[in-house]
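**Student:** Got upload00.cif for you, mmCIF, C-alpha atoms:
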```
data_query
#
loop_
_atom_site.label_atom_id
_atom_site.label_comp_id
_atom_site.auth_asym_id
_atom_site.auth_seq_id
_atom_site.Cartn_x
_atom_site.Cartn_y
_atom_site.Cartn_z
CA MET L 1282 -41.35 52.11 20.99
CA PRO L 1283 -37.92 50.49 20.41
CA VAL L 1284 -38.01 46.74 20.22
CA GLU L 1285 -35.50 44.13 21.33
CA ASP L 1286 -36.10 40.93 19.41
CA ARG L 1287 -36.02 38.37 22.23
CA SER L 1288 -37.21 35.62 19.92
CA VAL L 1289 -33.74 35.47 18.32
CA SER L 1290 -31.29 33.19 20.09
CA SER L 1291 -28.83 32.36 17.31
CA PRO L 1292 -27.85 33.66 13.89
CA ALA L 1293 -29.89 32.32 10.95
CA PRO L 1294 -28.14 29.55 9.01
CA SER L 1295 -26.61 30.72 5.73
CA LEU L 1296 -28.94 30.14 2.78
CA SER L 1297 -27.83 29.42 -0.77
CA VAL L 1298 -28.50 32.05 -3.42
CA SER L 1299 -31.26 29.93 -4.98
CA ARG L 1300 -32.99 29.62 -1.61
CA SER L 1301 -32.44 33.26 -0.78
CA ILE L 1302 -34.14 34.65 -3.88
CA PRO L 1303 -37.71 33.53 -3.02
CA LEU L 1304 -37.13 34.94 0.46
CA LEU L 1305 -36.02 38.28 -0.96
CA VAL L 1306 -39.03 38.39 -3.29
CA LEU L 1307 -41.28 37.70 -0.30
CA ALA L 1308 -39.50 40.41 1.72
CA TRP L 1309 -40.07 42.86 -1.14
CA LEU L 1310 -43.71 41.95 -1.77
CA ILE L 1311 -44.86 42.01 1.85
CA PRO L 1312 -43.06 44.48 4.13
CA GLY L 1313 -41.70 42.69 7.22
CA ALA L 1314 -42.33 39.20 5.82
CA GLY L 1315 -38.63 38.53 5.21
CA HIS L 1316 -37.73 39.12 8.84
CA PHE L 1317 -40.80 37.23 9.99
CA SER L 1318 -39.91 34.16 7.96
CA LEU L 1319 -36.34 34.21 9.31
CA GLY L 1320 -37.68 34.07 12.86
CA ARG L 1321 -37.26 37.80 13.58
CA ARG L 1322 -40.95 38.08 14.30
CA ALA L 1323 -40.97 41.07 16.62
CA ARG L 1324 -38.74 43.05 14.26
CA GLY L 1325 -40.82 41.98 11.25
CA ALA L 1326 -44.03 43.08 12.95
CA VAL L 1327 -42.56 46.48 13.89
CA PHE L 1328 -41.25 47.04 10.35
CA ALA L 1329 -44.60 46.04 8.86
CA ALA L 1330 -46.42 48.47 11.17
CA ILE L 1331 -44.02 51.33 10.37
CA ILE L 1332 -44.28 50.86 6.61
CA ALA L 1333 -48.05 50.38 6.72
CA THR L 1334 -48.41 53.61 8.72
CA ALA L 1335 -46.25 55.54 6.22
CA LEU L 1336 -48.16 54.06 3.30
CA VAL L 1337 -51.63 54.78 4.68
CA THR L 1338 -50.63 58.29 5.74
CA GLY L 1339 -49.28 59.06 2.27
CA TRP L 1340 -52.38 57.62 0.67
CA LYS L 1341 -54.76 59.57 2.90
CA LEU L 1342 -52.82 62.77 2.19
CA ASP L 1343 -53.30 62.18 -1.57
CA GLY L 1344 -49.54 62.00 -2.18
CA ASN L 1345 -48.03 61.12 -5.52
CA LEU L 1346 -47.54 57.40 -6.11
CA TYR L 1347 -44.76 57.82 -8.64
CA ARG L 1348 -45.02 56.47 -12.16
CA PRO L 1349 -42.72 57.15 -15.11
CA VAL L 1350 -43.47 60.39 -16.95
CA GLU L 1351 -42.26 60.92 -20.52
CA GLY L 1352 -39.45 63.49 -20.67
CA GLN L 1353 -38.83 63.37 -16.90
CA PRO L 1354 -36.11 60.74 -16.31
CA LEU L 1355 -36.02 61.28 -12.54
CA THR L 1356 -39.59 59.98 -12.29
CA ARG L 1357 -38.26 56.56 -13.37
CA LEU L 1358 -35.91 56.55 -10.40
CA ALA L 1359 -38.68 57.73 -8.07
CA THR L 1360 -41.00 55.04 -9.47
CA LEU L 1361 -38.42 52.37 -8.62
CA GLY L 1362 -38.23 53.79 -5.10
CA ALA L 1363 -42.00 53.83 -4.67
CA MET L 1364 -42.28 50.31 -6.11
CA GLY L 1365 -39.94 49.21 -3.34
CA VAL L 1366 -42.95 48.85 -1.08
CA GLY L 1367 -43.94 45.77 -3.10
CA PHE L 1368 -47.47 44.45 -3.44
CA PRO L 1369 -49.16 47.50 -1.88
CA TYR L 1370 -47.78 49.67 -4.72
CA PHE L 1371 -49.48 47.52 -7.36
CA ALA L 1372 -52.65 47.15 -5.29
CA LEU L 1373 -52.91 50.93 -4.94
CA ARG L 1374 -51.92 51.78 -8.50
CA TYR L 1375 -53.75 49.07 -10.43
CA GLY L 1376 -56.26 47.74 -7.90
CA ALA L 1377 -57.54 51.02 -6.50
CA GLY L 1378 -56.59 53.17 -9.50
CA TYR L 1379 -54.84 55.54 -7.09
CA GLU L 1380 -52.88 58.45 -8.57
CA GLY L 1381 -52.73 61.12 -5.88
CA ASP L 1382 -54.09 64.63 -6.12
CA PRO L 1383 -51.66 67.50 -6.86
CA LEU L 1384 -54.29 70.01 -5.70
CA SER L 1385 -54.57 68.41 -2.27
CA GLY L 1386 -52.98 70.30 0.62
CA GLY L 1387 -51.12 67.19 1.74
CA TYR L 1388 -49.78 66.24 -1.68
CA GLU L 1389 -46.09 66.99 -1.01
CA TYR L 1390 -46.11 65.42 2.45
CA GLY L 1391 -48.03 62.43 1.16
CA THR L 1392 -45.49 61.92 -1.62
CA VAL L 1393 -42.66 61.88 0.92
CA PHE L 1394 -44.48 59.29 3.06
CA LEU L 1395 -45.21 57.05 0.05
CA LEU L 1396 -41.66 57.26 -1.30
CA SER L 1397 -40.16 56.69 2.14
CA ALA L 1398 -42.30 53.56 2.62
CA GLY L 1399 -40.82 52.14 -0.60
CA LEU L 1400 -37.24 53.06 0.28
CA MET L 1401 -37.56 51.66 3.81
CA ASN L 1402 -38.80 48.36 2.41
CA LEU L 1403 -35.86 48.20 0.00
CA LEU L 1404 -33.54 48.54 3.00
CA LEU L 1405 -35.46 45.69 4.66
CA VAL L 1406 -34.85 43.49 1.61
CA LEU L 1407 -31.10 44.14 1.93
CA ASP L 1408 -31.29 43.46 5.68
CA THR L 1409 -33.10 40.19 4.99
CA TRP L 1410 -30.29 39.24 2.59
CA ASP L 1411 -27.67 39.94 5.27
CA ILE L 1412 -29.55 37.91 7.89
CA ALA L 1413 -30.14 35.02 5.48
CA ASN L 1414 -26.43 34.88 4.70
CA GLY L 1415 -25.34 35.01 8.32
CA ARG L 1416 -23.73 38.44 8.02
CA LYS L 1417 -26.10 39.88 10.57
CA GLU L 1418 -27.98 38.51 13.56
CA MET O 402 -53.23 67.27 10.35
CA SER O 403 -50.88 70.25 10.67
CA HIS O 404 -47.49 70.37 8.97
CA PHE O 405 -45.79 70.14 12.35
CA ALA O 406 -47.79 67.06 13.39
CA LEU O 407 -46.92 65.40 10.07
CA MET O 408 -43.26 66.22 10.62
CA LEU O 409 -43.41 64.66 14.11
CA LEU O 410 -45.08 61.55 12.69
CA TYR O 411 -42.46 61.27 9.94
CA ALA O 412 -39.57 61.71 12.40
CA THR O 413 -41.13 59.11 14.72
CA LEU O 414 -41.51 56.54 11.94
CA LEU O 415 -37.99 57.09 10.62
CA GLY O 416 -36.41 57.10 14.07
CA LEU O 417 -38.18 53.89 15.03
CA PHE O 418 -37.29 52.23 11.72
CA PHE O 419 -33.57 52.93 11.91
CA ALA O 420 -33.37 52.20 15.64
CA VAL O 421 -34.85 48.72 15.13
CA LEU O 422 -32.85 48.15 11.92
CA TRP O 423 -29.43 49.13 13.21
CA LYS O 424 -29.45 48.59 16.98
CA ARG O 425 -30.07 45.40 18.95
CA GLU O 426 -30.15 46.32 22.63
CA ARG O 427 -33.21 48.10 23.93
CA GLY O 428 -31.22 50.91 25.55
CA GLU O 429 -29.22 51.49 22.37
CA GLN O 430 -32.43 51.54 20.34
CA ALA O 431 -34.02 54.12 22.63
CA ARG O 432 -30.95 56.38 22.51
CA PHE O 433 -30.65 56.08 18.74
CA PHE O 434 -34.36 56.74 18.28
CA LEU O 435 -34.09 59.92 20.33
CA LYS O 436 -31.03 61.07 18.36
CA VAL O 437 -32.73 60.56 14.98
CA PHE O 438 -35.99 62.10 16.19
CA ALA O 439 -34.30 65.14 17.70
CA GLY O 440 -32.04 65.53 14.66
CA LEU O 441 -34.93 65.53 12.23
CA VAL O 442 -37.29 67.75 14.22
CA GLY O 443 -34.59 70.10 15.53
CA GLY O 444 -32.90 70.28 12.12
CA ALA O 445 -36.17 71.15 10.41
CA ILE O 446 -36.92 73.91 12.94
CA VAL O 447 -33.39 75.38 12.62
CA LEU O 448 -33.56 75.24 8.81
CA GLY O 449 -37.01 76.81 8.91
CA TRP O 450 -35.71 79.74 10.97
CA LEU O 451 -32.68 80.17 8.70
CA MET O 452 -34.97 80.26 5.65
CA TYR O 453 -37.06 82.92 7.41
CA PHE O 454 -34.27 85.40 6.72
CA LEU O 455 -34.11 84.60 3.01
CA PRO O 456 -36.17 86.74 0.63
CA SER O 457 -39.39 85.04 -0.43
CA GLY O 458 -39.83 84.36 -4.13
CA PRO O 459 -42.98 84.44 -6.22
CA PRO O 460 -45.78 82.07 -5.16
CA ALA O 461 -45.35 78.51 -6.37
CA PRO O 462 -47.43 77.70 -9.45
CA ILE O 463 -50.35 75.32 -8.95
CA PRO O 464 -49.56 72.20 -10.98
#
```
Just dump the structure as structure tokens.

**Tutor:**
Amino acid sequence: MPVEDRSVSSPAPSLSVSRSIPLLVLAWLIPGAGHFSLGRRARGAVFAAIIATALVTGWKLDGNLYRPVEGQPLTRLATLGAMGVGFPYFALRYGAGYEGDPLSGGYEYGTVFLLSAGLMNLLLVLDTWDIANGRKE
Amino acid sequence: MSHFALMLLYATLLGLFFAVLWKRERGEQARFFLKVFAGLVGGAIVLGWLMYFLPSGPPAPIP
């Protein structure tokens, strides 16, 4: 249930752009890792659990893990959204050879869960950026 | 899992995510979570009932 991050006592010191970039890459690759490395451990753990749940649910429902399709420009946008989940996208797509199953009963729901996991993680990357630059606690 | 259970799970995940992302105090988080959860689930049920009155089209093609 809702979490108050009691581990945070003061705003994070502002980081330079060059020091922020590795942090943002880490936040993108591993959901929740950006917040965790900035000392927002409770929040990072909750975000990681939420995104992992969405990802596993989408996977188990055989949802579509978007990839670009020739002649369908919107799939490029959807692919960027799905790739937002970071390393798990590449592990599923290239490691496990996962594609999803359009004939599965949970295909549409699964697609929504997978895409949402990616979009939520992209928001976390932006949140990490704000925290790292002292714009947010 | 039924469609309704999946919808509840989705609303729970989204409500929790935005409550922790946007609110800091525990009370605020709980209230915001409930608002998002109720909005998503209630909105889906209302939309579902409104669509009930629309004529149904041909069955969707199997991809």

**Student:** Using all atoms listed in the file and a distance of at most 12 Å, pull out the residues of chain L that contact chain O, as a ChimeraX atom specification.

**Tutor:** /L:1282-1287,1289,1313,1316,1321,1323-1336,1338-1339,1341-1342,1382-1398,1400-1402,1404-1409,1411-1412,1417-1418

**Student:** If you measure from CA of Tyr1370 (chain L) to CA of Arg1357 (chain L), what distance in Å do you get, rounded to one decimal?

**Tutor:**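 These two atoms are separated by 14.6 Å.
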
**Student:** As a short mmCIF file (atom, residue, chain, number, x, y, z; two decimals) with C-alpha atoms, keeping the file's coordinate frame, please: the residues near region 442-447 of chain O (cut-off 9 Å, all atoms listed in the file, same-chain neighbours under 5 positions excluded).

**Tutor:**
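Saved result, around-v8.cif, follows:
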```
data_model
loop_
_atom_site.label_atom_id
_atom_site.label_comp_id
_atom_site.auth_asym_id
_atom_site.auth_seq_id
_atom_site.Cartn_x
_atom_site.Cartn_y
_atom_site.Cartn_z
CA MET O 408 -43.26 66.22 10.62
CA LEU O 409 -43.41 64.66 14.11
CA ALA O 412 -39.57 61.71 12.40
CA VAL O 437 -32.73 60.56 14.98
CA MET O 452 -34.97 80.26 5.65
#
```

**Student:** Using Å and a single decimal, report how far CA of Ser1299 (chain L) sits from CA of Asn1414 (chain L).

**Tutor:** 11.9 Å

**Student:** Give me, please, the distance in Å between CA of Ala1377 (chain L) and CA of Gln1353 (chain L), quoted to one decimal.

**Tutor:**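 Separation of CA of Ala1377 (chain L) and CA of Gln1353 (chain L): 24.7 Å.
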
**Student:** Any chance you could resolve the PyMOL selection byres ((chain L and resi 1296) around 10) against this file and give the residues as a list of chain:residue names?

**Tutor:**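 For this structure, the PyMOL selection byres ((chain L and resi 1296) around 10) captures L:Ala1293, L:Pro1294, L:Ser1295, L:Ser1297, L:Val1298, L:Ser1299, L:Arg1300, L:Ser1301, L:Ile1302, L:Leu1304, L:Trp1410, L:Ile1412, L:Ala1413, L:Asn1414, L:Gly1415.
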